[in-house]
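Undergrad: File target.pdb below, PDB, C-alpha atoms:
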ATOM      1  CA  MET A 172     -31.639  16.478 -17.768  1.00  0.00           C
ATOM      2  CA  LEU A 173     -32.678  13.592 -15.524  1.00  0.00           C
ATOM      3  CA  GLU A 174     -30.441  11.236 -17.504  1.00  0.00           C
ATOM      4  CA  LEU A 175     -27.460  13.523 -16.844  1.00  0.00           C
ATOM      5  CA  LEU A 176     -28.226  13.470 -13.129  1.00  0.00           C
ATOM      6  CA  TYR A 177     -28.343   9.655 -13.121  1.00  0.00           C
ATOM      7  CA  PHE A 178     -25.072   9.558 -15.039  1.00  0.00           C
ATOM      8  CA  VAL A 179     -23.354  11.873 -12.528  1.00  0.00           C
ATOM      9  CA  ILE A 180     -24.708   9.827  -9.591  1.00  0.00           C
ATOM     10  CA  ALA A 181     -23.480   6.605 -11.224  1.00  0.00           C
ATOM     11  CA  ILE A 182     -19.990   8.069 -11.683  1.00  0.00           C
ATOM     12  CA  LEU A 183     -19.922   9.216  -8.046  1.00  0.00           C
ATOM     13  CA  VAL A 184     -20.959   5.747  -6.856  1.00  0.00           C
ATOM     14  CA  VAL A 185     -18.249   4.121  -8.987  1.00  0.00           C
ATOM     15  CA  LEU A 186     -15.642   6.538  -7.592  1.00  0.00           C
ATOM     16  CA  LEU A 187     -16.730   5.857  -4.007  1.00  0.00           C
ATOM     17  CA  VAL A 188     -16.589   2.086  -4.553  1.00  0.00           C
ATOM     18  CA  TYR A 189     -13.144   2.419  -6.155  1.00  0.00           C
ATOM     19  CA  ALA A 190     -11.892   4.553  -3.244  1.00  0.00           C
ATOM     20  CA  GLY A 191     -13.234   2.015  -0.748  1.00  0.00           C
ATOM     21  CA  ILE A 192     -11.601  -0.918  -2.512  1.00  0.00           C
ATOM     22  CA  SER A 193      -8.305   0.974  -2.807  1.00  0.00           C
ATOM     23  CA  ALA A 194      -8.347   1.850   0.891  1.00  0.00           C
ATOM     24  CA  TYR A 195      -9.073  -1.774   1.798  1.00  0.00           C
ATOM     25  CA  ARG A 196      -6.253  -3.070  -0.432  1.00  0.00           C
ATOM     26  CA  LEU A 197      -3.841  -0.495   0.979  1.00  0.00           C
ATOM     27  CA  LYS A 198      -4.743  -1.473   4.537  1.00  0.00           C
ATOM     28  CA  LYS A 199      -3.775  -5.078   3.756  1.00  0.00           C
ATOM     29  CA  ILE A 200      -0.498  -4.019   2.096  1.00  0.00           C
ATOM     30  CA  VAL A 201       0.966  -1.446   4.471  1.00  0.00           C
ATOM     31  CA  THR A 202       0.573  -0.971   8.213  1.00  0.00           C
ATOM     32  CA  ASN A 203       0.039   2.620   9.340  1.00  0.00           C
ATOM     33  CA  LEU A 204       2.008   3.381  12.480  1.00  0.00           C
ATOM     34  CA  SER A 205       1.648   6.218  14.941  1.00  0.00           C
ATOM     35  CA  GLN A 206       4.810   8.179  15.654  1.00  0.00           C
ATOM     36  CA  GLU A 207       5.351   6.200  18.870  1.00  0.00           C
ATOM     37  CA  GLN A 208       5.016   2.844  17.064  1.00  0.00           C
ATOM     38  CA  PHE A 209       7.225   4.110  14.252  1.00  0.00           C
ATOM     39  CA  ILE A 210       9.955   5.147  16.723  1.00  0.00           C
ATOM     40  CA  GLU A 211       9.791   1.736  18.436  1.00  0.00           C
ATOM     41  CA  GLY A 212      10.637  -0.144  15.257  1.00  0.00           C
ATOM     42  CA  TYR A 213      12.405   2.003  12.691  1.00  0.00           C
ATOM     43  CA  ARG A 214      15.917   1.515  14.097  1.00  0.00           C
ATOM     44  CA  LYS A 215      15.632  -2.236  13.425  1.00  0.00           C
ATOM     45  CA  ALA A 216      14.283  -1.640   9.922  1.00  0.00           C
ATOM     46  CA  GLN A 217      15.140   0.094   6.685  1.00  0.00           C
ATOM     47  CA  LEU A 218      13.956   3.692   6.986  1.00  0.00           C
ATOM     48  CA  ILE A 219      13.121   5.102   3.563  1.00  0.00           C
ATOM     49  CA  ASP A 220      12.125   8.696   2.818  1.00  0.00           C
ATOM     50  CA  VAL A 221      10.359   8.747  -0.562  1.00  0.00           C
ATOM     51  CA  ARG A 222      10.254  12.533  -0.867  1.00  0.00           C
ATOM     52  CA  GLU A 223      12.292  14.343  -3.504  1.00  0.00           C
ATOM     53  CA  PRO A 224      15.938  15.256  -2.681  1.00  0.00           C
ATOM     54  CA  LYS A 225      15.138  18.938  -2.103  1.00  0.00           C
ATOM     55  CA  GLU A 226      12.491  18.009   0.487  1.00  0.00           C
ATOM     56  CA  PHE A 227      14.844  15.450   2.075  1.00  0.00           C
ATOM     57  CA  ASP A 228      17.672  17.999   2.327  1.00  0.00           C
ATOM     58  CA  GLY A 229      15.292  20.444   4.014  1.00  0.00           C
ATOM     59  CA  GLY A 230      14.898  17.993   6.897  1.00  0.00           C
ATOM     60  CA  HIS A 231      14.429  14.270   7.387  1.00  0.00           C
ATOM     61  CA  ILE A 232      14.138  11.676  10.132  1.00  0.00           C
ATOM     62  CA  LEU A 233      17.525  10.822  11.555  1.00  0.00           C
ATOM     63  CA  GLY A 234      18.860   7.659   9.877  1.00  0.00           C
ATOM     64  CA  ALA A 235      16.605   7.782   6.818  1.00  0.00           C
ATOM     65  CA  ARG A 236      17.763   6.984   3.289  1.00  0.00           C
ATOM     66  CA  ASN A 237      16.318   8.980   0.429  1.00  0.00           C
ATOM     67  CA  ILE A 238      14.844   6.974  -2.437  1.00  0.00           C
ATOM     68  CA  PRO A 239      12.489   9.449  -4.120  1.00  0.00           C
ATOM     69  CA  SER A 240       9.183   8.124  -5.425  1.00  0.00           C
ATOM     70  CA  SER A 241      10.150   9.472  -8.876  1.00  0.00           C
ATOM     71  CA  GLN A 242      13.166   7.091  -8.876  1.00  0.00           C
ATOM     72  CA  PHE A 243      11.533   4.209  -7.024  1.00  0.00           C
ATOM     73  CA  ARG A 244      11.110   1.845  -9.982  1.00  0.00           C
ATOM     74  CA  GLN A 245      14.818   2.090 -10.791  1.00  0.00           C
ATOM     75  CA  ARG A 246      16.143   1.988  -7.222  1.00  0.00           C
ATOM     76  CA  TYR A 247      13.811  -0.300  -5.233  1.00  0.00           C
ATOM     77  CA  LYS A 248      16.405  -3.110  -5.301  1.00  0.00           C
ATOM     78  CA  GLU A 249      18.476  -1.028  -2.856  1.00  0.00           C
ATOM     79  CA  ILE A 250      15.879  -2.102  -0.279  1.00  0.00           C
ATOM     80  CA  ARG A 251      16.284  -5.584   1.187  1.00  0.00           C
ATOM     81  CA  PRO A 252      13.101  -7.707   0.952  1.00  0.00           C
ATOM     82  CA  ASP A 253      13.986  -9.758   4.053  1.00  0.00           C
ATOM     83  CA  LYS A 254      13.916  -6.816   6.493  1.00  0.00           C
ATOM     84  CA  PRO A 255      11.050  -4.545   7.562  1.00  0.00           C
ATOM     85  CA  VAL A 256      10.648  -1.404   5.454  1.00  0.00           C
ATOM     86  CA  TYR A 257       9.531   1.819   7.144  1.00  0.00           C
ATOM     87  CA  LEU A 258       8.380   4.396   4.595  1.00  0.00           C
ATOM     88  CA  TYR A 259       7.404   8.006   4.917  1.00  0.00           C
ATOM     89  CA  ASP A 260       6.836  11.079   2.789  1.00  0.00           C
ATOM     90  CA  GLN A 261       5.341  14.482   3.500  1.00  0.00           C
ATOM     91  CA  SER A 262       1.763  13.320   4.135  1.00  0.00           C
ATOM     92  CA  GLY A 263       1.355   9.623   3.230  1.00  0.00           C
ATOM     93  CA  ALA A 264       0.262   9.490  -0.426  1.00  0.00           C
ATOM     94  CA  ARG A 265       3.642   8.778  -2.035  1.00  0.00           C
ATOM     95  CA  SER A 266       4.682   6.295   0.637  1.00  0.00           C
ATOM     96  CA  SER A 267       1.403   4.412   0.087  1.00  0.00           C
ATOM     97  CA  ARG A 268       2.078   4.143  -3.654  1.00  0.00           C
ATOM     98  CA  SER A 269       5.651   3.052  -2.928  1.00  0.00           C
ATOM     99  CA  ALA A 270       4.367   0.377  -0.536  1.00  0.00           C
ATOM    100  CA  MET A 271       1.951  -0.942  -3.182  1.00  0.00           C
ATOM    101  CA  PHE A 272       4.812  -1.130  -5.672  1.00  0.00           C
ATOM    102  CA  LEU A 273       7.049  -2.981  -3.188  1.00  0.00           C
ATOM    103  CA  LYS A 274       4.231  -5.423  -2.371  1.00  0.00           C
ATOM    104  CA  LYS A 275       3.976  -6.307  -6.066  1.00  0.00           C
ATOM    105  CA  LYS A 276       7.725  -6.992  -6.024  1.00  0.00           C
ATOM    106  CA  GLY A 277       7.376  -9.447  -3.120  1.00  0.00           C
ATOM    107  CA  TYR A 278       8.111  -7.285  -0.081  1.00  0.00           C
ATOM    108  CA  THR A 279       5.924  -8.213   2.887  1.00  0.00           C
ATOM    109  CA  GLN A 280       6.946  -6.193   5.963  1.00  0.00           C
ATOM    110  CA  LEU A 281       5.772  -2.722   4.949  1.00  0.00           C
ATOM    111  CA  PHE A 282       5.021   0.105   7.368  1.00  0.00           C
ATOM    112  CA  GLN A 283       4.361   3.814   6.940  1.00  0.00           C
ATOM    113  CA  LEU A 284       4.325   6.813   9.220  1.00  0.00           C
ATOM    114  CA  GLN A 285       0.758   7.944   9.801  1.00  0.00           C
ATOM    115  CA  GLY A 286       0.469  11.609   8.855  1.00  0.00           C
ATOM    116  CA  GLY A 287       3.898  11.624   7.202  1.00  0.00           C
ATOM    117  CA  PHE A 288       6.847  13.876   7.946  1.00  0.00           C
ATOM    118  CA  LYS A 289       4.629  16.909   8.509  1.00  0.00           C
ATOM    119  CA  ALA A 290       3.279  15.167  11.660  1.00  0.00           C
ATOM    120  CA  TRP A 291       6.743  14.084  12.879  1.00  0.00           C
ATOM    121  CA  THR A 292       7.954  15.660  16.132  1.00  0.00           C
ATOM    122  CA  GLY A 293      10.995  13.419  16.719  1.00  0.00           C
ATOM    123  CA  LYS A 294      14.651  13.980  15.844  1.00  0.00           C
ATOM    124  CA  VAL A 295      15.319  15.593  12.478  1.00  0.00           C
ATOM    125  CA  LYS A 296      18.493  16.115  10.472  1.00  0.00           C
ATOM    126  CA  SER A 297      18.888  18.826   7.817  1.00  0.00           C
ATOM    127  CA  LYS A 298      21.650  19.519   5.349  1.00  0.00           C
TER     128      LYS A 298
END
Would you encode the structure as structure tokens?

TA:
Amino acid sequence: MLELLYFVIAILVVLLVYAGISAYRLKKIVTNLSQEQFIEGYRKAQLIDVREPKEFDGGHILGARNIPSSQFRQRYKEIRPDKPVYLYDQSGARSSRSAMFLKKKGYTQLFQLQGGFKAWTGKVKSK
């Protein structure tokens, strides 16, 4: 019984270390921006919504292009590597994964909306 407890504790420690390392790596890859910071820069950048088309059609930030995370590997070349890339999704998880993918492909100016679209209070366009 004690061995099982040690095993569970060891797994929890490994998971916590992994989460910490992942958060640190992500912080170096993508810059989280508040809504105000995001608004200041997204008009001079490529604004990419990585949500699925149905979510995008339900409402998106004015001027955003939809490249869903499910199609990202096939369509990432639509994004210019020489210009800043502003990413967002519903809450931040998919845009983080998309940023990590872009970093591996050589993109360097990566930003994401802190809190995602659900925290957005700016202008929105719906279809």

Undergrad: For this structure, which residues satisfy the selection - the PyMOL selection byres ((chain A and resi 205-209) around 7) - when it is evaluated on the file as given? I want them as a list in words.

TA: Asn203, Leu204, Ile210, Glu211, Gly212, Tyr213, Leu284, Gln285 and Trp291 of chain A

Undergrad: Please, what distance in Å, to one decimal, runs between CA of Val256 (chain A) and CA of Gly234 (chain A)?

TA: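 Value for the CA of Val256 (chain A)-CA of Gly234 (chain A) distance: 13.0 Å.
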
Undergrad: With the file shown as input, list the residues that the PyMOL selection byres ((chain A and resi 218) around 6) selects, as a PyMOL selection string.

TA: chain A and resi 217+219+235+257

Undergrad: Using all atoms listed in the file for the distances, tell me which of A:Tyr259, A:Ser266, A:Ala190, A:Leu233 is nearest to Arg214 (chain A).

TA: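 Using all atoms listed in the file, Arg214 (chain A) sits closest to A:Leu233.
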
Undergrad: Using all atoms listed in the file, determine which residues lie at most 6 Å from region 222-227 of chain A, disregarding the query and same-chain residues fewer than 3 positions distant; provide the list as a PDB file with C-alpha atoms, keeping the file's coordinate frame.

TA:
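As a result, out_7.pdb now contains:
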ATOM      1  CA  GLY A 230      14.898  17.993   6.897  1.00  0.00           C
ATOM      2  CA  HIS A 231      14.429  14.270   7.387  1.00  0.00           C
ATOM      3  CA  PRO A 239      12.489   9.449  -4.120  1.00  0.00           C
ATOM      4  CA  ASP A 260       6.836  11.079   2.789  1.00  0.00           C
TER       5      ASP A 260
END

Undergrad: Quick one: of A:Gln261, A:Tyr278, A:Lys254, A:Val221, who's nearest to Gln242 (chain A), counting only C-alpha atoms?

TA: A:Val221

Undergrad: Is it possible to get the residues within 12 Å of (3.5, 1.3, -4.6) (coordinates as in the file, counting all atoms listed in the file) written as number ranges by chain?

TA: A: 193, 196-197, 200-201, 221, 240-241, 243-244, 247, 258, 263-278, 281, 283

Undergrad: Would you compute the distance between CA of Gly287 (chain A) and CA of Asp220 (chain A)? Give it in Å to one decimal.

TA: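 That distance, rounded to one decimal, is 9.8 Å.
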
Undergrad: Do you have the CA of Thr292 (chain A)-CA of Asp228 (chain A) distance handy?

TA: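 Between these atoms lies a distance of 17.0 Å.
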